[in-house]
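> Contents of data24.txt (compact mmCIF, N, CA and C atoms):
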```
# COMPACT_ATOMS: atom_id res chain seq x y z
N MET A 269 55.76 153.35 113.40
CA MET A 269 55.41 152.01 112.97
C MET A 269 54.44 151.36 113.94
N ASP A 270 54.58 151.70 115.24
CA ASP A 270 53.69 151.12 116.23
C ASP A 270 52.25 151.56 116.03
N SER A 271 52.05 152.82 115.63
CA SER A 271 50.68 153.29 115.40
C SER A 271 50.06 152.58 114.19
N HIS A 272 50.87 152.26 113.20
CA HIS A 272 50.39 151.53 112.03
C HIS A 272 49.93 150.12 112.43
N ASN A 273 50.70 149.44 113.25
CA ASN A 273 50.34 148.10 113.73
C ASN A 273 49.09 148.16 114.61
N ALA A 274 48.97 149.22 115.39
CA ALA A 274 47.79 149.37 116.25
C ALA A 274 46.54 149.55 115.41
N ILE A 275 46.64 150.34 114.34
CA ILE A 275 45.50 150.55 113.45
C ILE A 275 45.12 149.25 112.76
N LEU A 276 46.11 148.50 112.28
CA LEU A 276 45.84 147.21 111.64
C LEU A 276 45.21 146.24 112.63
N SER A 277 45.67 146.25 113.86
CA SER A 277 45.13 145.37 114.89
C SER A 277 43.67 145.72 115.19
N GLN A 278 43.38 147.03 115.27
CA GLN A 278 42.01 147.46 115.50
C GLN A 278 41.11 147.08 114.33
N ALA A 279 41.61 147.25 113.12
CA ALA A 279 40.82 146.89 111.93
C ALA A 279 40.55 145.40 111.90
N ALA A 280 41.54 144.61 112.21
CA ALA A 280 41.36 143.15 112.23
C ALA A 280 40.35 142.76 113.30
N GLY A 281 40.41 143.42 114.44
CA GLY A 281 39.44 143.15 115.51
C GLY A 281 38.03 143.52 115.09
N PHE A 282 37.89 144.67 114.41
CA PHE A 282 36.58 145.09 113.93
C PHE A 282 36.03 144.10 112.91
N ILE A 283 36.86 143.67 111.98
CA ILE A 283 36.43 142.72 110.95
C ILE A 283 36.01 141.40 111.59
N ALA A 284 36.79 140.92 112.56
CA ALA A 284 36.45 139.67 113.23
C ALA A 284 35.12 139.80 113.98
N THR A 285 34.92 140.92 114.66
CA THR A 285 33.67 141.15 115.39
C THR A 285 32.50 141.23 114.43
N PHE A 286 32.67 141.95 113.33
CA PHE A 286 31.61 142.08 112.32
C PHE A 286 31.27 140.72 111.72
N ALA A 287 32.29 139.92 111.40
CA ALA A 287 32.06 138.60 110.82
C ALA A 287 31.32 137.69 111.81
N ALA A 288 31.69 137.75 113.08
CA ALA A 288 31.01 136.94 114.09
C ALA A 288 29.55 137.37 114.25
N ALA A 289 29.30 138.67 114.24
CA ALA A 289 27.93 139.18 114.36
C ALA A 289 27.11 138.78 113.15
N LEU A 290 27.69 138.86 111.97
CA LEU A 290 27.00 138.47 110.74
C LEU A 290 26.67 136.98 110.75
N MET A 291 27.62 136.18 111.18
CA MET A 291 27.38 134.73 111.26
C MET A 291 26.29 134.43 112.28
N GLY A 292 26.29 135.13 113.40
CA GLY A 292 25.24 134.94 114.40
C GLY A 292 23.87 135.30 113.86
N PHE A 293 23.81 136.40 113.11
CA PHE A 293 22.54 136.83 112.51
C PHE A 293 22.02 135.76 111.55
N PHE A 294 22.89 135.28 110.66
CA PHE A 294 22.45 134.28 109.68
C PHE A 294 22.10 132.96 110.35
N LEU A 295 22.77 132.59 111.42
CA LEU A 295 22.43 131.38 112.15
C LEU A 295 21.05 131.52 112.79
N ALA A 296 20.78 132.66 113.40
CA ALA A 296 19.47 132.90 114.00
C ALA A 296 18.38 132.89 112.92
N PHE A 297 18.65 133.54 111.80
CA PHE A 297 17.72 133.58 110.67
C PHE A 297 17.42 132.16 110.19
N PHE A 298 18.47 131.35 110.04
CA PHE A 298 18.33 129.96 109.60
C PHE A 298 17.50 129.16 110.60
N LEU A 299 17.78 129.32 111.89
CA LEU A 299 17.05 128.58 112.92
C LEU A 299 15.57 128.94 112.94
N VAL A 300 15.26 130.21 112.72
CA VAL A 300 13.85 130.63 112.67
C VAL A 300 13.15 129.92 111.52
N PHE A 301 13.79 129.87 110.36
CA PHE A 301 13.18 129.20 109.22
C PHE A 301 13.06 127.70 109.44
N VAL A 302 14.00 127.09 110.12
CA VAL A 302 13.90 125.66 110.44
C VAL A 302 12.71 125.41 111.36
N VAL A 303 12.55 126.25 112.37
CA VAL A 303 11.43 126.10 113.30
C VAL A 303 10.10 126.29 112.56
N ILE A 304 10.01 127.29 111.70
CA ILE A 304 8.79 127.52 110.92
C ILE A 304 8.51 126.30 110.04
N GLY A 305 9.54 125.74 109.42
CA GLY A 305 9.36 124.56 108.58
C GLY A 305 8.88 123.36 109.37
N ILE A 306 9.43 123.14 110.54
CA ILE A 306 9.03 122.00 111.37
C ILE A 306 7.59 122.17 111.85
N VAL A 307 7.23 123.38 112.27
CA VAL A 307 5.85 123.64 112.71
C VAL A 307 4.87 123.40 111.56
N THR A 308 5.23 123.86 110.36
CA THR A 308 4.37 123.64 109.19
C THR A 308 4.23 122.16 108.89
N LEU A 309 5.34 121.42 108.94
CA LEU A 309 5.28 119.98 108.68
C LEU A 309 4.39 119.26 109.69
N ILE A 310 4.49 119.63 110.95
CA ILE A 310 3.66 119.00 111.98
C ILE A 310 2.18 119.26 111.70
N GLY A 311 1.84 120.51 111.41
CA GLY A 311 0.45 120.86 111.12
C GLY A 311 -0.07 120.16 109.88
N MET A 312 0.74 120.14 108.81
CA MET A 312 0.30 119.48 107.58
C MET A 312 0.18 117.98 107.78
N TRP A 313 1.08 117.38 108.56
CA TRP A 313 1.02 115.94 108.84
C TRP A 313 -0.34 115.60 109.45
N LYS A 314 -0.74 116.40 110.43
CA LYS A 314 -2.02 116.16 111.11
C LYS A 314 -3.20 116.38 110.16
N VAL A 315 -3.11 117.39 109.29
CA VAL A 315 -4.17 117.64 108.31
C VAL A 315 -4.27 116.46 107.35
N PHE A 316 -3.15 115.96 106.89
CA PHE A 316 -3.15 114.82 105.99
C PHE A 316 -3.82 113.62 106.63
N THR A 317 -3.48 113.33 107.88
CA THR A 317 -4.09 112.17 108.55
C THR A 317 -5.58 112.39 108.81
N LYS A 318 -5.98 113.63 109.11
CA LYS A 318 -7.40 113.93 109.29
C LYS A 318 -8.18 113.69 108.01
N ALA A 319 -7.54 113.93 106.88
CA ALA A 319 -8.19 113.76 105.58
C ALA A 319 -8.09 112.32 105.08
N GLY A 320 -7.56 111.42 105.89
CA GLY A 320 -7.47 110.02 105.50
C GLY A 320 -6.30 109.70 104.60
N GLN A 321 -5.32 110.57 104.57
CA GLN A 321 -4.12 110.36 103.75
C GLN A 321 -2.96 110.02 104.68
N PRO A 322 -1.91 109.40 104.13
CA PRO A 322 -0.76 109.09 105.00
C PRO A 322 -0.03 110.37 105.44
N GLY A 323 0.22 110.49 106.72
CA GLY A 323 0.89 111.67 107.26
C GLY A 323 2.31 111.81 106.77
N TRP A 324 3.00 110.68 106.57
CA TRP A 324 4.39 110.72 106.12
C TRP A 324 4.52 111.32 104.73
N ALA A 325 3.42 111.40 104.00
CA ALA A 325 3.46 111.95 102.64
C ALA A 325 3.93 113.40 102.64
N VAL A 326 3.77 114.09 103.76
CA VAL A 326 4.20 115.49 103.84
C VAL A 326 5.71 115.62 103.69
N LEU A 327 6.45 114.54 103.93
CA LEU A 327 7.91 114.58 103.86
C LEU A 327 8.47 114.35 102.46
N ILE A 328 7.66 113.86 101.53
CA ILE A 328 8.11 113.55 100.17
C ILE A 328 7.74 114.73 99.26
N PRO A 329 8.73 115.44 98.70
CA PRO A 329 8.48 116.71 98.02
C PRO A 329 7.37 116.76 96.98
N ILE A 330 7.35 115.97 95.96
CA ILE A 330 6.32 116.12 94.93
C ILE A 330 5.06 115.35 95.33
N TYR A 331 5.25 114.22 95.98
CA TYR A 331 4.11 113.42 96.42
C TYR A 331 3.24 114.21 97.41
N ASN A 332 3.85 115.01 98.29
CA ASN A 332 3.04 115.77 99.24
C ASN A 332 2.14 116.76 98.52
N PHE A 333 2.59 117.29 97.41
CA PHE A 333 1.78 118.22 96.63
C PHE A 333 0.62 117.48 95.98
N ILE A 334 0.87 116.26 95.49
CA ILE A 334 -0.19 115.45 94.89
C ILE A 334 -1.25 115.12 95.95
N VAL A 335 -0.81 114.75 97.15
CA VAL A 335 -1.74 114.45 98.23
C VAL A 335 -2.51 115.70 98.64
N LEU A 336 -1.85 116.84 98.68
CA LEU A 336 -2.52 118.09 99.01
C LEU A 336 -3.61 118.41 97.98
N LEU A 337 -3.31 118.17 96.72
CA LEU A 337 -4.31 118.37 95.67
C LEU A 337 -5.47 117.39 95.83
N ARG A 338 -5.16 116.17 96.23
CA ARG A 338 -6.21 115.17 96.47
C ARG A 338 -7.12 115.63 97.60
N ILE A 339 -6.54 116.18 98.65
CA ILE A 339 -7.33 116.69 99.77
C ILE A 339 -8.21 117.84 99.31
N ALA A 340 -7.69 118.67 98.43
CA ALA A 340 -8.45 119.81 97.89
C ALA A 340 -9.49 119.36 96.86
N GLY A 341 -9.46 118.10 96.47
CA GLY A 341 -10.42 117.60 95.49
C GLY A 341 -10.04 117.92 94.06
N LEU A 342 -8.75 118.06 93.80
CA LEU A 342 -8.27 118.37 92.45
C LEU A 342 -7.50 117.18 91.89
N PRO A 343 -7.46 117.05 90.57
CA PRO A 343 -6.73 115.93 89.96
C PRO A 343 -5.22 116.05 90.14
N TRP A 344 -4.53 114.93 90.11
CA TRP A 344 -3.09 114.88 90.37
C TRP A 344 -2.28 115.71 89.38
N TYR A 345 -2.72 115.82 88.13
CA TYR A 345 -1.92 116.50 87.12
C TYR A 345 -1.86 118.01 87.33
N TRP A 346 -2.60 118.53 88.30
CA TRP A 346 -2.48 119.95 88.64
C TRP A 346 -1.15 120.24 89.33
N VAL A 347 -0.38 119.18 89.58
CA VAL A 347 0.94 119.34 90.18
C VAL A 347 1.85 120.17 89.27
N PHE A 348 1.51 120.25 88.00
CA PHE A 348 2.30 121.02 87.04
C PHE A 348 1.92 122.50 87.00
N THR A 349 0.86 122.88 87.69
CA THR A 349 0.39 124.27 87.67
C THR A 349 1.44 125.28 88.10
N PRO A 350 2.30 124.99 89.11
CA PRO A 350 3.30 125.99 89.48
C PRO A 350 4.25 126.39 88.35
N LEU A 351 4.29 125.60 87.29
CA LEU A 351 5.14 125.96 86.15
C LEU A 351 4.67 127.24 85.47
N VAL A 352 3.43 127.65 85.73
CA VAL A 352 2.94 128.90 85.15
C VAL A 352 3.75 130.09 85.67
N ALA A 353 4.42 129.90 86.80
CA ALA A 353 5.23 130.98 87.37
C ALA A 353 6.44 131.31 86.50
N ILE A 354 6.73 130.47 85.52
CA ILE A 354 7.83 130.75 84.59
C ILE A 354 7.54 132.01 83.77
N ILE A 355 6.26 132.25 83.52
CA ILE A 355 5.85 133.42 82.75
C ILE A 355 6.12 134.66 83.60
N PRO A 356 6.88 135.61 83.07
CA PRO A 356 7.20 136.81 83.87
C PRO A 356 5.95 137.58 84.30
N CYS A 357 5.96 138.07 85.49
CA CYS A 357 4.93 138.91 86.13
C CYS A 357 3.56 138.24 86.20
N LEU A 358 2.90 138.10 85.08
CA LEU A 358 1.55 137.53 85.09
C LEU A 358 1.54 136.09 85.56
N GLY A 359 2.58 135.34 85.29
CA GLY A 359 2.66 133.96 85.74
C GLY A 359 2.68 133.88 87.26
N TRP A 360 3.44 134.76 87.90
CA TRP A 360 3.49 134.77 89.36
C TRP A 360 2.16 135.19 89.95
N ILE A 361 1.51 136.15 89.34
CA ILE A 361 0.19 136.58 89.82
C ILE A 361 -0.80 135.44 89.69
N ALA A 362 -0.79 134.77 88.53
CA ALA A 362 -1.69 133.63 88.33
C ALA A 362 -1.39 132.52 89.33
N TYR A 363 -0.12 132.27 89.60
CA TYR A 363 0.26 131.23 90.56
C TYR A 363 -0.23 131.58 91.96
N LEU A 364 -0.08 132.84 92.38
CA LEU A 364 -0.53 133.25 93.71
C LEU A 364 -2.05 133.15 93.84
N VAL A 365 -2.77 133.51 92.79
CA VAL A 365 -4.22 133.36 92.80
C VAL A 365 -4.59 131.89 92.92
N TRP A 366 -3.86 131.04 92.20
CA TRP A 366 -4.12 129.60 92.25
C TRP A 366 -3.86 129.05 93.66
N VAL A 367 -2.79 129.50 94.31
CA VAL A 367 -2.48 129.04 95.67
C VAL A 367 -3.61 129.41 96.62
N VAL A 368 -4.11 130.64 96.52
CA VAL A 368 -5.22 131.06 97.37
C VAL A 368 -6.45 130.20 97.10
N TRP A 369 -6.69 129.90 95.83
CA TRP A 369 -7.85 129.07 95.46
C TRP A 369 -7.72 127.67 96.04
N VAL A 370 -6.55 127.06 95.97
CA VAL A 370 -6.33 125.73 96.54
C VAL A 370 -6.50 125.79 98.06
N HIS A 371 -5.96 126.82 98.70
CA HIS A 371 -6.15 126.97 100.14
C HIS A 371 -7.63 127.10 100.49
N HIS A 372 -8.38 127.81 99.64
CA HIS A 372 -9.81 127.96 99.89
C HIS A 372 -10.53 126.62 99.77
N ARG A 373 -10.15 125.84 98.77
CA ARG A 373 -10.76 124.51 98.62
C ARG A 373 -10.47 123.63 99.83
N ILE A 374 -9.25 123.70 100.33
CA ILE A 374 -8.90 122.92 101.51
C ILE A 374 -9.68 123.44 102.72
N SER A 375 -9.75 124.74 102.88
CA SER A 375 -10.48 125.33 104.00
C SER A 375 -11.94 124.91 104.00
N THR A 376 -12.58 124.99 102.85
CA THR A 376 -14.00 124.65 102.79
C THR A 376 -14.23 123.16 103.01
N ARG A 377 -13.29 122.32 102.63
CA ARG A 377 -13.43 120.88 102.88
C ARG A 377 -13.29 120.54 104.36
N PHE A 378 -12.76 121.47 105.12
CA PHE A 378 -12.70 121.30 106.57
C PHE A 378 -13.75 122.16 107.28
N GLY A 379 -14.71 122.70 106.52
CA GLY A 379 -15.80 123.47 107.09
C GLY A 379 -15.43 124.89 107.49
N GLN A 380 -14.37 125.41 106.94
CA GLN A 380 -13.93 126.77 107.26
C GLN A 380 -14.32 127.72 106.13
N GLY A 381 -14.20 129.01 106.40
CA GLY A 381 -14.61 130.00 105.41
C GLY A 381 -13.46 130.79 104.82
N VAL A 382 -13.80 131.94 104.28
CA VAL A 382 -12.84 132.79 103.59
C VAL A 382 -11.77 133.33 104.55
N GLY A 383 -12.18 133.67 105.76
CA GLY A 383 -11.21 134.16 106.73
C GLY A 383 -10.11 133.14 107.02
N PHE A 384 -10.50 131.88 107.09
CA PHE A 384 -9.52 130.83 107.32
C PHE A 384 -8.62 130.68 106.10
N THR A 385 -9.17 130.86 104.92
CA THR A 385 -8.37 130.81 103.69
C THR A 385 -7.30 131.89 103.71
N ILE A 386 -7.67 133.08 104.12
CA ILE A 386 -6.70 134.18 104.20
C ILE A 386 -5.62 133.84 105.21
N GLY A 387 -6.02 133.31 106.36
CA GLY A 387 -5.05 132.91 107.37
C GLY A 387 -4.13 131.81 106.89
N LEU A 388 -4.68 130.83 106.20
CA LEU A 388 -3.88 129.72 105.68
C LEU A 388 -2.89 130.21 104.64
N THR A 389 -3.25 131.23 103.90
CA THR A 389 -2.36 131.77 102.89
C THR A 389 -1.28 132.67 103.49
N LEU A 390 -1.64 133.52 104.44
CA LEU A 390 -0.69 134.49 104.96
C LEU A 390 0.10 134.01 106.18
N LEU A 391 -0.50 133.17 107.00
CA LEU A 391 0.14 132.66 108.21
C LEU A 391 0.08 131.14 108.23
N SER A 392 0.60 130.54 107.19
CA SER A 392 0.47 129.09 106.98
C SER A 392 0.83 128.23 108.18
N PRO A 393 1.99 128.40 108.82
CA PRO A 393 2.34 127.48 109.91
C PRO A 393 1.29 127.45 111.02
N ILE A 394 0.79 128.61 111.40
CA ILE A 394 -0.20 128.67 112.48
C ILE A 394 -1.51 128.04 112.05
N PHE A 395 -1.95 128.34 110.85
CA PHE A 395 -3.25 127.85 110.41
C PHE A 395 -3.22 126.37 110.03
N TRP A 396 -2.07 125.84 109.62
CA TRP A 396 -1.99 124.39 109.42
C TRP A 396 -2.14 123.69 110.76
N LEU A 397 -1.53 124.26 111.81
CA LEU A 397 -1.69 123.69 113.16
C LEU A 397 -3.14 123.77 113.62
N ILE A 398 -3.79 124.90 113.41
CA ILE A 398 -5.19 125.05 113.81
C ILE A 398 -6.06 124.05 113.06
N LEU A 399 -5.82 123.92 111.77
CA LEU A 399 -6.61 122.99 110.97
C LEU A 399 -6.36 121.55 111.39
N GLY A 400 -5.11 121.22 111.67
CA GLY A 400 -4.77 119.85 112.02
C GLY A 400 -5.19 119.45 113.42
N PHE A 401 -4.97 120.33 114.39
CA PHE A 401 -5.25 119.98 115.77
C PHE A 401 -6.58 120.53 116.28
N GLY A 402 -7.26 121.30 115.46
CA GLY A 402 -8.56 121.86 115.84
C GLY A 402 -9.68 120.85 115.71
N SER A 403 -10.89 121.32 115.90
CA SER A 403 -12.05 120.43 115.90
C SER A 403 -12.67 120.23 114.52
N SER A 404 -12.16 120.89 113.49
CA SER A 404 -12.77 120.74 112.16
C SER A 404 -12.61 119.33 111.64
N LYS A 405 -13.63 118.91 110.92
CA LYS A 405 -13.67 117.57 110.32
C LYS A 405 -13.55 117.70 108.81
N TYR A 406 -12.88 116.72 108.21
CA TYR A 406 -12.71 116.71 106.76
C TYR A 406 -13.95 116.13 106.10
N VAL A 407 -14.47 116.83 105.10
CA VAL A 407 -15.62 116.36 104.31
C VAL A 407 -15.14 116.30 102.87
N ALA A 408 -15.04 115.09 102.33
CA ALA A 408 -14.49 114.91 100.99
C ALA A 408 -15.38 115.52 99.91
N GLU A 409 -16.67 115.30 100.00
CA GLU A 409 -17.57 115.82 98.96
C GLU A 409 -18.26 117.06 99.47
N GLN A 410 -18.29 118.08 98.64
CA GLN A 410 -18.95 119.32 98.99
C GLN A 410 -20.43 119.25 98.64
N PRO A 411 -21.30 119.74 99.51
CA PRO A 411 -22.72 119.76 99.16
C PRO A 411 -22.97 120.73 98.01
N ALA A 412 -23.95 120.41 97.20
CA ALA A 412 -24.29 121.28 96.06
C ALA A 412 -24.79 122.62 96.57
N GLN A 413 -24.25 123.68 95.97
CA GLN A 413 -24.65 125.04 96.36
C GLN A 413 -25.66 125.57 95.38
N ALA A 414 -26.73 126.17 95.91
CA ALA A 414 -27.78 126.70 95.03
C ALA A 414 -27.49 128.09 94.60
```
Will you turn the file into structure tokens for me?

Amino acid sequence: MDSHNAILSQAAGFIATFAAALMGFFLAFFLVFVVIGIVTLIGMWKVFTKAGQPGWAVLIPIYNFIVLLRIAGLPWYWVFTPLVAIIPCLGWIAYLVWVVWVHHRISTRFGQGVGFTIGLTLLSPIFWLILGFGSSKYVAEQPAQA
């Protein structure tokens, strides 16, 4: 009977250790995402103020998207565009293409090129900080291209 209790005790210890390790992993994972979110908010806040928009707008979920569209030079009703993602497969592809296009419009309004668009799309937190705290200036109207 003692060996049975010893096995149960070892199993309980293993389960407790595994549960603690799992909780630690998820806590670390959560904290990384919180830090990434805060860094992104700081960068976007600065970009919004550089573009002459209220920085606090980044904190309001749908309004921040409307302001982002305004910075990109797009009408407010494009806020409904993400709904295209409801369409299976092709909707997500169309949505991702649209996100890259909006990032490109924002990049070019700050005098940046395609490389910056790629960075803004793939490494958003870093590139929002670069755009916000860097030397680029916001130009609302784009010059006519020949």
> Contacts between region 367-388 of chain A and region 314-355 of chain A, please, where a residue of region 314-355 of chain A counts if it comes within 8 Å (with all atoms listed in the file); show its shortest atom pair and distance in Å to one decimal, rows by chain and ascending number, as a tab-separated table.

```
residue	atom	partner	partner_atom	distance
A:Leu336	C	A:Ile374	CA	7.8
A:Leu337	CA	A:Val370	CA	7.7
A:Ile339	C	A:Ile374	CA	5.6
A:Ala340	CA	A:Ile374	N	4.7
A:Gly341	N	A:Arg373	C	6.5
```
> Would you mind exporting the chosen residues as a PDB file, in the coordinates of the input, restricted to N, CA and C atoms?

```pdb
ATOM      1  N   LEU A 336      -1.850 116.840  98.680  1.00  0.00           N
ATOM      2  CA  LEU A 336      -2.520 118.090  99.010  1.00  0.00           C
ATOM      3  C   LEU A 336      -3.610 118.410  97.980  1.00  0.00           C
ATOM      4  N   LEU A 337      -3.310 118.170  96.720  1.00  0.00           N
ATOM      5  CA  LEU A 337      -4.310 118.370  95.670  1.00  0.00           C
ATOM      6  C   LEU A 337      -5.470 117.390  95.830  1.00  0.00           C
ATOM      7  N   ILE A 339      -6.540 116.180  98.650  1.00  0.00           N
ATOM      8  CA  ILE A 339      -7.330 116.690  99.770  1.00  0.00           C
ATOM      9  C   ILE A 339      -8.210 117.840  99.310  1.00  0.00           C
ATOM     10  N   ALA A 340      -7.690 118.670  98.430  1.00  0.00           N
ATOM     11  CA  ALA A 340      -8.450 119.810  97.890  1.00  0.00           C
ATOM     12  C   ALA A 340      -9.490 119.360  96.860  1.00  0.00           C
ATOM     13  N   GLY A 341      -9.460 118.100  96.470  1.00  0.00           N
ATOM     14  CA  GLY A 341     -10.420 117.600  95.490  1.00  0.00           C
ATOM     15  C   GLY A 341     -10.040 117.920  94.060  1.00  0.00           C
TER      16      GLY A 341
END
```
> Quick one: pull the distance between CA of Trp344 (chain A) and CA of Ser403 (chain A), Å, one decimal.
27.6 Å
> When you draw a straight line from CA of Gly359 (chain A) to CA of Pro343 (chain A), how long is it in Å?
20.8 Å
> Could you jot down the atom N of Gly311 (chain A) to CA of Leu397 (chain A) separation for me, Å, one decimal place?
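Value for the atom N of Gly311 (chain A)-CA of Leu397 (chain A) distance: 5.1 Å.
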> When DSSP works through the backbone of this structure, what residues of region 323-402 of chain A end up as alpha helix (DSSP H), shown as a ChimeraX atom specification?
/A:329-340,358-377,382-390,392-401
> Using only C-alpha atoms, which protein or nucleic acid residues come within 10 Å of region 349-352 of chain A? Drop anything in the same chain fewer than 6 positions from it, and give the result as a list of chain:residue names.
A:Leu358, A:Gly359, A:Trp360, A:Ile361, A:Ala362, A:Tyr363, A:Leu364, A:Trp366, A:Val367
